[in-house]
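Participant: My file is input_27.cif. It has mmCIF, C-alpha atoms:
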```cif
data_input
#
loop_
_atom_site.label_atom_id
_atom_site.label_comp_id
_atom_site.auth_asym_id
_atom_site.auth_seq_id
_atom_site.Cartn_x
_atom_site.Cartn_y
_atom_site.Cartn_z
CA MET P 23 28.27 -42.88 27.02
CA SER P 24 27.97 -39.22 26.10
CA GLN P 25 25.02 -37.80 28.08
CA ILE P 26 22.38 -38.73 30.68
CA ARG P 27 19.24 -36.74 31.46
CA VAL P 28 16.47 -37.35 34.04
CA VAL P 29 13.18 -35.38 33.93
CA GLY P 30 9.70 -35.82 35.37
CA ASP P 31 7.83 -36.05 38.66
CA GLY P 32 7.46 -39.78 39.17
CA ALA P 33 4.28 -40.13 37.15
CA PRO P 34 6.18 -40.75 34.98
CA THR P 35 9.88 -39.96 35.20
CA ARG P 36 11.87 -40.24 31.96
CA ILE P 37 15.53 -41.19 31.73
CA THR P 38 17.35 -40.55 28.43
CA ILE P 39 20.77 -42.10 27.86
CA TRP P 40 22.90 -41.10 24.86
CA THR P 41 25.49 -43.69 23.83
CA ASP P 42 28.24 -43.83 21.22
CA ALA P 43 27.35 -47.38 20.18
CA PRO P 44 24.14 -49.43 20.21
CA GLU P 45 23.36 -50.94 23.62
CA GLU P 46 21.01 -53.80 24.35
CA ALA P 47 20.95 -52.75 28.00
CA GLU P 48 17.95 -54.00 29.94
CA ALA P 49 16.74 -52.21 33.07
CA PHE P 50 16.86 -54.20 36.31
CA VAL P 51 15.35 -53.33 39.69
CA SER P 52 17.58 -53.76 42.75
CA GLU P 53 17.06 -53.43 46.50
CA THR P 54 20.12 -53.84 48.73
CA ALA P 55 20.30 -52.83 52.41
CA GLY P 56 17.20 -50.69 51.96
CA VAL P 57 18.62 -48.80 48.97
CA ARG P 58 16.52 -48.96 45.80
CA ARG P 59 18.11 -48.73 42.37
CA ILE P 60 17.50 -49.13 38.66
CA ILE P 61 20.58 -50.76 37.07
CA PHE P 62 21.77 -51.06 33.45
CA PRO P 63 24.70 -53.35 32.55
CA LEU P 64 26.57 -51.70 29.66
CA ARG P 65 28.99 -53.05 27.07
CA SER P 66 30.54 -49.93 25.53
CA ASN P 67 31.29 -47.72 28.52
CA GLY P 68 34.79 -47.54 30.00
CA TYR P 69 34.74 -44.51 32.31
CA SER P 70 33.06 -43.11 35.43
CA ALA P 71 30.72 -40.16 36.04
CA GLU P 72 27.85 -39.12 38.29
CA GLY P 73 25.02 -36.60 38.41
CA LEU P 74 21.77 -35.53 40.04
CA GLY P 75 18.31 -36.76 39.07
CA SER P 76 14.68 -35.76 39.65
CA GLY P 77 11.21 -37.27 39.96
CA GLY P 78 12.19 -40.11 42.29
CA VAL P 79 15.78 -40.45 41.02
CA THR P 80 18.11 -38.84 43.53
CA VAL P 81 21.47 -39.45 41.84
CA TRP P 82 22.93 -41.50 39.00
CA GLN P 83 26.36 -43.08 38.85
CA LEU P 84 28.19 -44.38 35.80
CA ASN P 85 31.05 -46.86 36.13
CA PRO P 86 32.71 -49.17 33.60
CA GLY P 87 30.11 -51.77 32.69
CA ARG P 88 27.26 -50.39 34.83
CA LEU P 89 24.90 -47.42 35.09
CA GLU P 90 22.87 -47.03 38.32
CA PHE P 91 19.98 -44.73 39.26
CA GLU P 92 19.35 -44.46 43.00
CA LEU P 93 15.68 -43.96 43.93
CA ASP P 94 13.96 -42.22 46.83
CA ARG P 95 10.73 -44.15 46.28
CA ALA P 96 9.50 -47.45 44.86
CA MET P 97 9.35 -47.23 41.05
CA SER P 98 8.90 -49.68 38.19
CA VAL P 99 10.16 -49.65 34.61
CA ALA P 100 7.14 -48.91 32.45
CA ARG P 101 8.94 -49.15 29.11
CA VAL P 102 12.35 -49.04 27.45
CA LEU P 103 12.89 -47.62 23.94
CA ARG P 104 16.11 -47.95 21.93
CA LEU P 105 16.56 -45.42 19.13
CA PRO P 106 19.24 -45.32 16.42
CA PRO P 107 20.87 -42.08 15.19
CA THR P 108 18.44 -40.02 13.14
CA GLY P 109 18.82 -36.70 11.30
CA SER P 110 20.84 -34.26 13.37
CA GLU P 111 20.88 -36.66 16.37
CA MET P 112 24.12 -38.58 15.84
CA SER P 113 24.03 -40.70 19.03
CA TYR P 114 22.14 -43.83 19.92
CA ARG P 115 19.54 -43.33 22.65
CA ILE P 116 17.92 -45.43 25.36
CA ILE P 117 14.69 -43.95 26.75
CA VAL P 118 13.36 -45.36 30.02
CA ASP P 119 10.02 -44.40 31.58
CA LEU P 120 9.55 -45.02 35.33
CA ASP P 121 6.27 -45.06 37.28
CA THR P 122 5.73 -45.00 41.04
CA VAL P 123 4.55 -48.34 42.49
CA SER P 124 3.91 -49.87 45.92
CA ASP P 125 6.78 -50.99 48.16
CA ALA P 126 5.56 -54.58 47.94
CA ARG P 127 5.51 -54.49 44.14
CA PHE P 128 9.04 -53.06 44.01
CA SER P 129 10.43 -55.70 46.38
CA SER P 130 8.79 -58.48 44.37
CA VAL P 131 10.35 -57.29 41.11
CA ALA P 132 13.74 -56.76 42.80
CA ARG P 133 13.81 -60.38 43.99
CA ARG P 134 12.97 -61.56 40.47
CA ASP P 135 15.63 -59.35 38.87
CA GLN P 136 18.49 -60.34 41.17
CA ARG P 137 19.45 -63.51 39.28
CA ARG P 138 18.69 -61.99 35.86
CA LEU P 139 20.99 -59.02 36.60
CA ALA P 140 23.88 -61.28 37.58
CA LYS P 141 23.57 -63.20 34.30
CA ALA P 142 23.29 -60.00 32.23
CA GLU P 143 26.44 -58.54 33.79
CA THR P 144 28.36 -61.77 33.20
CA ASP P 145 27.29 -61.76 29.55
CA ALA P 146 28.23 -58.08 29.20
CA ALA P 147 31.67 -58.68 30.72
CA ARG P 148 32.35 -61.54 28.32
CA ALA P 149 31.26 -59.45 25.34
CA ALA P 150 33.49 -56.56 26.44
CA GLU P 151 36.46 -58.89 26.87
CA LYS P 152 35.91 -60.37 23.43
CA GLN P 153 35.68 -56.92 21.84
CA ALA P 154 38.82 -55.70 23.62
CA THR P 155 40.74 -58.73 22.42
CA LEU P 156 39.58 -58.13 18.87
CA LEU P 157 40.51 -54.46 18.87
CA ALA P 158 43.86 -54.84 20.59
CA GLY P 159 44.94 -57.90 18.69
CA SER P 160 44.41 -59.19 15.20
CA ALA P 161 42.14 -56.38 14.01
CA ALA P 162 44.97 -53.86 14.21
CA SER P 163 47.85 -56.05 13.15
CA SER P 164 47.41 -59.37 11.37
CA ALA P 165 44.06 -58.31 9.88
CA GLY P 166 45.76 -55.68 7.78
CA ARG P 167 46.59 -52.43 9.57
CA LYS P 168 50.11 -51.12 9.20
CA ALA P 169 51.36 -50.22 12.66
CA PRO P 170 53.13 -46.84 12.63
CA PRO P 171 56.89 -47.25 12.81
CA ARG P 172 57.95 -46.90 16.44
CA SER P 173 61.13 -45.02 17.18
CA SER P 174 63.92 -47.25 18.41
CA LYS P 175 64.41 -44.70 21.17
CA GLY P 176 60.99 -45.19 22.71
CA HIS P 177 57.29 -44.39 22.60
CA VAL P 178 56.37 -41.22 20.71
CA VAL P 179 54.39 -38.75 22.83
CA VAL P 180 53.21 -35.47 21.31
CA ILE P 181 52.44 -32.56 23.65
CA ASP P 182 50.29 -29.73 22.34
CA ALA P 183 50.47 -26.46 24.28
CA GLY P 184 47.07 -24.91 23.57
CA HIS P 185 46.66 -21.48 21.96
CA GLY P 186 49.78 -19.36 21.33
CA GLY P 187 50.82 -16.31 19.33
CA LYS P 188 47.80 -14.27 18.24
CA ASP P 189 45.50 -16.54 20.31
CA PRO P 190 46.04 -15.83 24.05
CA GLY P 191 43.32 -18.19 25.28
CA ALA P 192 41.74 -17.52 28.69
CA MET P 193 42.88 -14.62 30.84
CA ALA P 194 43.92 -15.40 34.42
CA ILE P 195 42.09 -13.73 37.31
CA ASN P 196 45.43 -12.57 38.73
CA GLY P 197 47.01 -11.63 35.41
CA GLY P 198 48.63 -13.72 32.70
CA LYS P 199 47.39 -15.69 29.72
CA GLU P 200 46.46 -19.29 29.06
CA LYS P 201 48.94 -19.59 26.18
CA ASP P 202 51.84 -18.94 28.57
CA VAL P 203 50.58 -21.38 31.20
CA THR P 204 50.14 -24.19 28.66
CA LEU P 205 53.57 -23.62 27.11
CA LYS P 206 55.34 -23.72 30.47
CA ALA P 207 53.38 -26.86 31.44
CA ALA P 208 54.28 -28.50 28.10
CA LEU P 209 57.98 -27.73 28.59
CA ALA P 210 57.89 -29.13 32.14
CA LEU P 211 56.23 -32.32 30.93
CA ARG P 212 58.71 -32.65 28.05
CA ASP P 213 61.67 -32.35 30.40
CA LEU P 214 60.22 -34.96 32.75
CA LEU P 215 59.54 -37.46 29.97
CA GLU P 216 62.89 -36.97 28.27
CA ALA P 217 64.71 -37.52 31.56
CA ASP P 218 63.09 -40.96 31.74
CA GLY P 219 64.72 -42.09 28.47
CA ARG P 220 61.71 -44.22 27.56
CA TYR P 221 60.03 -41.65 25.33
CA VAL P 222 60.52 -39.59 22.20
CA VAL P 223 58.80 -36.29 22.98
CA LYS P 224 57.57 -33.88 20.33
CA LEU P 225 56.13 -30.43 21.04
CA VAL P 226 53.60 -28.90 18.66
CA ARG P 227 55.04 -25.56 19.71
CA ASP P 228 57.94 -24.67 22.00
CA THR P 229 57.69 -20.89 21.62
CA ASP P 230 54.91 -18.30 21.60
CA VAL P 231 53.57 -19.02 18.11
CA TYR P 232 50.13 -19.88 16.82
CA VAL P 233 49.60 -23.26 15.13
CA ASP P 234 46.39 -23.99 13.21
CA HIS P 235 44.29 -26.80 14.66
CA GLU P 236 44.59 -29.01 11.60
CA ASP P 237 48.37 -28.56 11.63
CA ARG P 238 48.52 -29.73 15.24
CA VAL P 239 46.84 -33.00 14.31
CA THR P 240 48.86 -33.36 11.10
CA LYS P 241 52.12 -32.89 13.01
CA ALA P 242 51.13 -35.62 15.48
CA ARG P 243 50.33 -38.06 12.66
CA ASN P 244 53.52 -37.22 10.74
CA TRP P 245 55.53 -37.90 13.89
CA ASN P 246 53.79 -41.30 14.25
CA ALA P 247 52.44 -40.27 17.64
CA GLU P 248 51.35 -43.07 19.93
CA LEU P 249 49.71 -40.58 22.31
CA PHE P 250 48.64 -36.95 21.82
CA ILE P 251 48.01 -34.68 24.83
CA SER P 252 46.64 -31.18 24.32
CA LEU P 253 47.14 -28.94 27.36
CA HIS P 254 44.73 -26.12 28.20
CA ALA P 255 43.53 -24.04 31.14
CA ASP P 256 39.81 -23.36 31.51
CA ALA P 257 37.66 -20.32 32.31
CA ALA P 258 34.23 -20.07 33.93
CA GLY P 259 31.66 -17.40 34.68
CA SER P 260 31.99 -18.13 38.40
CA SER P 261 35.33 -17.69 40.15
CA ALA P 262 34.35 -20.50 42.53
CA VAL P 263 34.68 -23.20 39.85
CA SER P 264 38.00 -25.03 40.04
CA GLY P 265 39.66 -28.28 39.11
CA ALA P 266 41.14 -30.21 36.20
CA SER P 267 39.11 -32.13 33.61
CA VAL P 268 39.91 -34.49 30.74
CA TYR P 269 38.12 -34.66 27.38
CA THR P 270 38.00 -37.43 24.80
CA ILE P 271 36.11 -37.43 21.51
CA SER P 272 32.31 -37.21 21.68
CA ALA P 273 29.81 -39.00 19.47
CA ARG P 274 29.07 -35.74 17.69
CA GLY P 275 32.78 -35.10 17.21
CA GLU P 276 33.21 -38.57 15.71
CA GLY P 277 30.91 -37.49 12.91
CA ARG P 278 33.57 -34.96 11.83
CA ILE P 279 36.49 -37.39 11.70
CA ASP P 280 35.96 -38.77 8.19
CA ARG P 281 35.26 -35.31 6.76
CA GLU P 282 38.38 -33.74 8.27
CA ALA P 283 40.49 -36.81 7.48
CA SER P 284 39.52 -36.55 3.82
CA LYS P 285 40.16 -32.80 3.71
CA ASN P 286 43.60 -33.07 5.35
CA ASN P 287 44.66 -36.40 3.81
CA TRP P 288 44.81 -38.17 7.17
CA VAL P 289 44.90 -41.61 5.59
CA ILE P 290 44.80 -44.65 7.89
CA PRO P 291 47.63 -46.95 6.72
CA ILE P 292 46.36 -50.36 5.61
CA GLU P 293 48.61 -53.20 4.45
CA ASP P 294 49.16 -53.29 0.68
CA GLY P 295 47.10 -55.99 -0.99
CA THR P 296 44.20 -55.82 1.47
CA PRO P 297 40.95 -56.49 -0.46
CA GLN P 298 38.95 -53.32 -1.10
CA ARG P 299 35.89 -54.76 0.60
CA LEU P 300 37.89 -55.05 3.87
CA THR P 301 39.52 -51.63 3.81
CA GLY P 302 36.49 -49.78 5.22
CA ILE P 303 35.98 -52.41 7.94
CA LEU P 304 39.61 -52.21 9.01
CA SER P 305 39.54 -48.41 9.04
CA ASP P 306 36.48 -48.48 11.31
CA LEU P 307 38.23 -50.91 13.64
CA VAL P 308 41.26 -48.63 13.83
CA LYS P 309 39.03 -45.66 14.73
CA ARG P 310 37.24 -47.68 17.40
CA GLU P 311 40.55 -48.86 18.83
CA THR P 312 41.81 -45.26 18.88
CA LYS P 313 38.71 -44.13 20.78
CA THR P 314 39.04 -47.01 23.26
CA ARG P 315 42.68 -46.23 23.98
CA SER P 316 41.95 -42.51 24.36
CA ALA P 317 39.33 -43.32 27.00
CA GLU P 318 41.70 -45.77 28.68
CA PHE P 319 44.40 -43.11 29.02
CA ALA P 320 41.86 -40.58 30.31
CA GLU P 321 40.79 -43.01 33.03
CA LEU P 322 44.41 -43.62 34.04
CA LEU P 323 45.05 -39.87 34.13
CA LEU P 324 42.17 -38.92 36.44
CA PRO P 325 43.39 -40.53 39.70
CA GLU P 326 46.86 -39.12 39.12
CA LEU P 327 45.44 -35.62 38.64
CA GLU P 328 43.49 -35.94 41.89
CA ARG P 329 46.77 -36.37 43.74
CA ALA P 330 48.19 -33.21 42.15
CA GLY P 331 45.24 -30.88 42.78
CA PRO P 332 41.47 -30.51 42.56
CA VAL P 333 39.45 -32.08 39.75
CA LEU P 334 35.97 -31.32 38.50
CA ARG P 335 33.06 -33.54 39.34
CA ASN P 336 32.23 -35.72 36.32
CA THR P 337 35.75 -34.90 35.20
CA HIS P 338 36.04 -37.33 32.25
CA ARG P 339 34.03 -35.52 29.59
CA SER P 340 33.47 -35.77 25.86
CA ALA P 341 33.61 -33.05 23.22
CA GLY P 342 34.30 -32.50 19.54
CA PHE P 343 37.49 -30.46 19.93
CA TYR P 344 39.44 -30.38 16.68
CA VAL P 345 42.64 -31.70 18.23
CA LEU P 346 40.80 -34.93 19.13
CA LEU P 347 39.87 -35.74 15.52
CA ALA P 348 42.88 -37.81 14.43
CA PRO P 349 41.41 -41.15 13.30
CA ASP P 350 44.42 -43.21 14.42
CA VAL P 351 46.15 -41.34 17.28
CA PRO P 352 44.83 -41.79 20.86
CA ALA P 353 44.27 -38.27 22.13
CA VAL P 354 43.00 -36.32 25.13
CA LEU P 355 42.50 -32.64 25.84
CA LEU P 356 43.46 -31.81 29.41
CA GLU P 357 42.14 -28.71 31.13
CA LEU P 358 44.70 -28.22 33.91
CA GLY P 359 42.40 -26.01 35.97
CA PHE P 360 40.47 -22.73 35.87
CA LEU P 361 42.40 -19.50 35.42
CA THR P 362 39.27 -17.69 36.63
CA ASN P 363 39.74 -19.34 40.05
CA SER P 364 42.38 -17.69 42.22
CA GLU P 365 43.74 -20.93 43.73
CA ASP P 366 43.92 -22.74 40.38
CA ALA P 367 45.52 -19.71 38.72
CA LYS P 368 48.11 -19.44 41.49
CA ARG P 369 48.87 -23.17 41.24
CA LEU P 370 49.23 -23.19 37.45
CA GLN P 371 51.35 -20.06 37.39
CA SER P 372 53.81 -21.52 39.90
CA GLU P 373 56.67 -23.80 38.93
CA ARG P 374 55.77 -26.13 41.80
CA GLY P 375 52.14 -26.43 40.69
CA ARG P 376 53.08 -27.14 37.07
CA ALA P 377 55.65 -29.69 38.21
CA ALA P 378 53.00 -31.53 40.20
CA ALA P 379 50.69 -31.60 37.17
CA ALA P 380 53.52 -32.78 34.90
CA LEU P 381 54.39 -35.59 37.30
CA ALA P 382 50.74 -36.71 37.42
CA ILE P 383 50.56 -36.80 33.62
CA LYS P 384 53.87 -38.64 33.38
CA GLN P 385 52.76 -41.33 35.83
CA ALA P 386 49.59 -41.91 33.79
CA ILE P 387 51.67 -42.12 30.60
CA ASP P 388 53.96 -44.70 32.24
CA THR P 389 51.01 -46.89 33.24
CA TYR P 390 49.39 -46.52 29.83
CA PHE P 391 52.48 -47.70 27.94
CA ASP P 392 53.17 -50.43 30.48
CA ARG P 393 49.79 -51.85 29.51
CA GLN P 394 50.41 -51.39 25.80
CA ASP P 395 53.78 -53.15 26.04
CA LEU P 396 52.20 -56.01 27.98
CA ARG P 397 49.54 -56.46 25.31
CA LEU P 398 52.13 -56.44 22.55
CA ALA P 399 54.26 -59.00 24.38
CA SER P 400 51.28 -61.34 24.81
CA GLN P 401 50.40 -61.35 21.09
#
```
Could you show the structure in this file as structure tokens?

Facilitator:
Amino acid sequence: MSQIRVVGDGAPTRITIWTDAPEEAEAFVSETAGVRRIIFPLRSNGYSAEGLGSGGVTVWQLNPGRLEFELDRAMSVARVLRLPPTGSEMSYRIIVDLDTVSDARFSSVARRDQRRLAKAETDAARAAEKQATLLAGSAASSAGRKAPPRSSKGHVVVIDAGHGGKDPGAMAINGGKEKDVTLKAALALRDLLEADGRYVVKLVRDTDVYVDHEDRVTKARNWNAELFISLHADAAGSSAVSGASVYTISARGEGRIDREASKNNWVIPIEDGTPQRLTGILSDLVKRETKTRSAEFAELLLPELERAGPVLRNTHRSAGFYVLLAPDVPAVLLELGFLTNSEDAKRLQSERGRAAAALAIKQAIDTYFDRQDLRLASQ
């Protein structure tokens, strides 16, 4: 799921949903304890978000497997359109038109949809489980992908301190530069991970130097990274905006992966002897698995960040940042906070604040690799 928009005044109101993969989602009407909703069971979504609506839709809430629109009036689904990517629009779209109806009509449809919704969500859960098994299991191993050689010393984690050298990044409201904040945060995280003994930690930079974006990704791939974390600190036009946020690759950014991979020779390793007709299929599966694992880590990271400091609303976001373009390395870009906010800037420029952020990231990394090890052991 990459974007949701609600416009209109109830006669009609239009909902547009942009997705990274085709969805057969059907709209269901629900009425529980006096609360009216339009609900979509989803197969491809693995994260949470929320936002405001209009024209009868008060708020929307996205959770793994389900998208809900809360209503302030009785409304029916007039039509649902599903559109494939076209021209410059690289995402799939679901367009839903809502019309205002009587309370009696809404309640009648809600009673009808109750059983149908339960069945649809069961089917969606089974499909998601089947896809996850495929991606995590034979598609990446026995089907022909060469797993990157893992260090005997532990899982390889690459930490990218954003900016550096000639590129200072954002300027802090109380003085200082983003490049210095990210480097100190990267060093704190490295020290914490290395003390554990479970990880091999690589830093894209450990001094005040500038590294080209493509070199950051190339370094991670050459080191056989199992996880890539790019650290940044944000800036906003308003000094009131604060909080951390996490980015994974967007649908639009995915469109750049093959082009940049070809230009930089980021070749996905496939077992020798794999038939040519299967190579493209396996490469696509690897890219899908990489995206899934990136989103999984992002979702594990968010609750840990909330314990360390403020986070933005709708804090798991998607973008086409260059450092997220590796086709076979799970990656996130973490904005640690806003240097244009005095509290965030003070926190990120203090050793205690950076230590809290590093601990939050480390705990998410531990959980992520616990899950990966469990999957490997079960195969």

Participant: Using the chain letters and numbers from the file, give me the residues hit by the PyMOL selection byres ((chain P and resi 259) around 12), as number ranges by chain.

Facilitator: P: 192, 195, 256-258, 260-264, 360-363

Participant: Residues as selected, C-alpha atoms, written as a short mmCIF file (atom, residue, chain, number, x, y, z; two decimals), in the frame of the given file, can you do that?

Facilitator:
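To be explicit, this is the file written out as selection.cif:
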```
data_model
loop_
_atom_site.label_atom_id
_atom_site.label_comp_id
_atom_site.auth_asym_id
_atom_site.auth_seq_id
_atom_site.Cartn_x
_atom_site.Cartn_y
_atom_site.Cartn_z
CA ALA P 192 41.74 -17.52 28.69
CA ILE P 195 42.09 -13.73 37.31
CA ASP P 256 39.81 -23.36 31.51
CA ALA P 257 37.66 -20.32 32.31
CA ALA P 258 34.23 -20.07 33.93
CA SER P 260 31.99 -18.13 38.40
CA SER P 261 35.33 -17.69 40.15
CA ALA P 262 34.35 -20.50 42.53
CA VAL P 263 34.68 -23.20 39.85
CA SER P 264 38.00 -25.03 40.04
CA PHE P 360 40.47 -22.73 35.87
CA LEU P 361 42.40 -19.50 35.42
CA THR P 362 39.27 -17.69 36.63
CA ASN P 363 39.74 -19.34 40.05
#
```

Participant: Between atom CA of P:Asn85 and atom CA of P:Ile251, what is the distance in Å, rounded to a tenth?

Facilitator: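 Between these atoms lies a distance of 23.7 Å.
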
Participant: Starting from the displayed file, determine the output of the PyMOL selection byres ((chain P and resi 177) around 12) and express the residue list as a PyMOL selection string.

Facilitator: chain P and resi 170-176+178-180+215-216+218-224+245-250+387-388+390-392+394-395

Participant: Just the selected residues (C-alpha atoms), exported as a PDB file, in the frame of the given file, please.

Facilitator:
```
ATOM      1  CA  PRO P 170      53.130 -46.840  12.630  1.00  0.00           C
ATOM      2  CA  PRO P 171      56.890 -47.250  12.810  1.00  0.00           C
ATOM      3  CA  ARG P 172      57.950 -46.900  16.440  1.00  0.00           C
ATOM      4  CA  SER P 173      61.130 -45.020  17.180  1.00  0.00           C
ATOM      5  CA  SER P 174      63.920 -47.250  18.410  1.00  0.00           C
ATOM      6  CA  LYS P 175      64.410 -44.700  21.170  1.00  0.00           C
ATOM      7  CA  GLY P 176      60.990 -45.190  22.710  1.00  0.00           C
ATOM      8  CA  VAL P 178      56.370 -41.220  20.710  1.00  0.00           C
ATOM      9  CA  VAL P 179      54.390 -38.750  22.830  1.00  0.00           C
ATOM     10  CA  VAL P 180      53.210 -35.470  21.310  1.00  0.00           C
ATOM     11  CA  LEU P 215      59.540 -37.460  29.970  1.00  0.00           C
ATOM     12  CA  GLU P 216      62.890 -36.970  28.270  1.00  0.00           C
ATOM     13  CA  ASP P 218      63.090 -40.960  31.740  1.00  0.00           C
ATOM     14  CA  GLY P 219      64.720 -42.090  28.470  1.00  0.00           C
ATOM     15  CA  ARG P 220      61.710 -44.220  27.560  1.00  0.00           C
ATOM     16  CA  TYR P 221      60.030 -41.650  25.330  1.00  0.00           C
ATOM     17  CA  VAL P 222      60.520 -39.590  22.200  1.00  0.00           C
ATOM     18  CA  VAL P 223      58.800 -36.290  22.980  1.00  0.00           C
ATOM     19  CA  LYS P 224      57.570 -33.880  20.330  1.00  0.00           C
ATOM     20  CA  TRP P 245      55.530 -37.900  13.890  1.00  0.00           C
ATOM     21  CA  ASN P 246      53.790 -41.300  14.250  1.00  0.00           C
ATOM     22  CA  ALA P 247      52.440 -40.270  17.640  1.00  0.00           C
ATOM     23  CA  GLU P 248      51.350 -43.070  19.930  1.00  0.00           C
ATOM     24  CA  LEU P 249      49.710 -40.580  22.310  1.00  0.00           C
ATOM     25  CA  PHE P 250      48.640 -36.950  21.820  1.00  0.00           C
ATOM     26  CA  ILE P 387      51.670 -42.120  30.600  1.00  0.00           C
ATOM     27  CA  ASP P 388      53.960 -44.700  32.240  1.00  0.00           C
ATOM     28  CA  TYR P 390      49.390 -46.520  29.830  1.00  0.00           C
ATOM     29  CA  PHE P 391      52.480 -47.700  27.940  1.00  0.00           C
ATOM     30  CA  ASP P 392      53.170 -50.430  30.480  1.00  0.00           C
ATOM     31  CA  GLN P 394      50.410 -51.390  25.800  1.00  0.00           C
ATOM     32  CA  ASP P 395      53.780 -53.150  26.040  1.00  0.00           C
TER      33      ASP P 395
END
```

Participant: With the PyMOL selection byres ((chain P and resi 40) around 6) as the selection, what would be picked from this file? Answer as a PyMOL selection string, please.

Facilitator: chain P and resi 24-25+39+41+113-115

Participant: Extract, using all atoms listed in the file, all DNA, RNA and protein residues at most 7 Å from P:Val29, discarding same-chain residues fewer than 5 positions from it, and format them as a list in words.

Facilitator: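 After dropping sequence-adjacent residues, the list is Thr35, Arg36, Ile37, Ser76 and Gly77 of chain P.
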
Participant: Can I get the selection written as a PDB file, keeping the file's coordinate frame, with C-alpha atoms?

Facilitator:
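In the end it all went to out.pdb:
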```
ATOM      1  CA  THR P  35       9.880 -39.960  35.200  1.00  0.00           C
ATOM      2  CA  ARG P  36      11.870 -40.240  31.960  1.00  0.00           C
ATOM      3  CA  ILE P  37      15.530 -41.190  31.730  1.00  0.00           C
ATOM      4  CA  SER P  76      14.680 -35.760  39.650  1.00  0.00           C
ATOM      5  CA  GLY P  77      11.210 -37.270  39.960  1.00  0.00           C
TER       6      GLY P  77
END
```

Participant: Restricting the calculation to only C-alpha atoms: of P:Ala348, P:Ile116, P:Ala132, P:Met193, which residue gets closest to P:Glu282?

Facilitator: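 The closest residue to P:Glu282 is P:Ala348.
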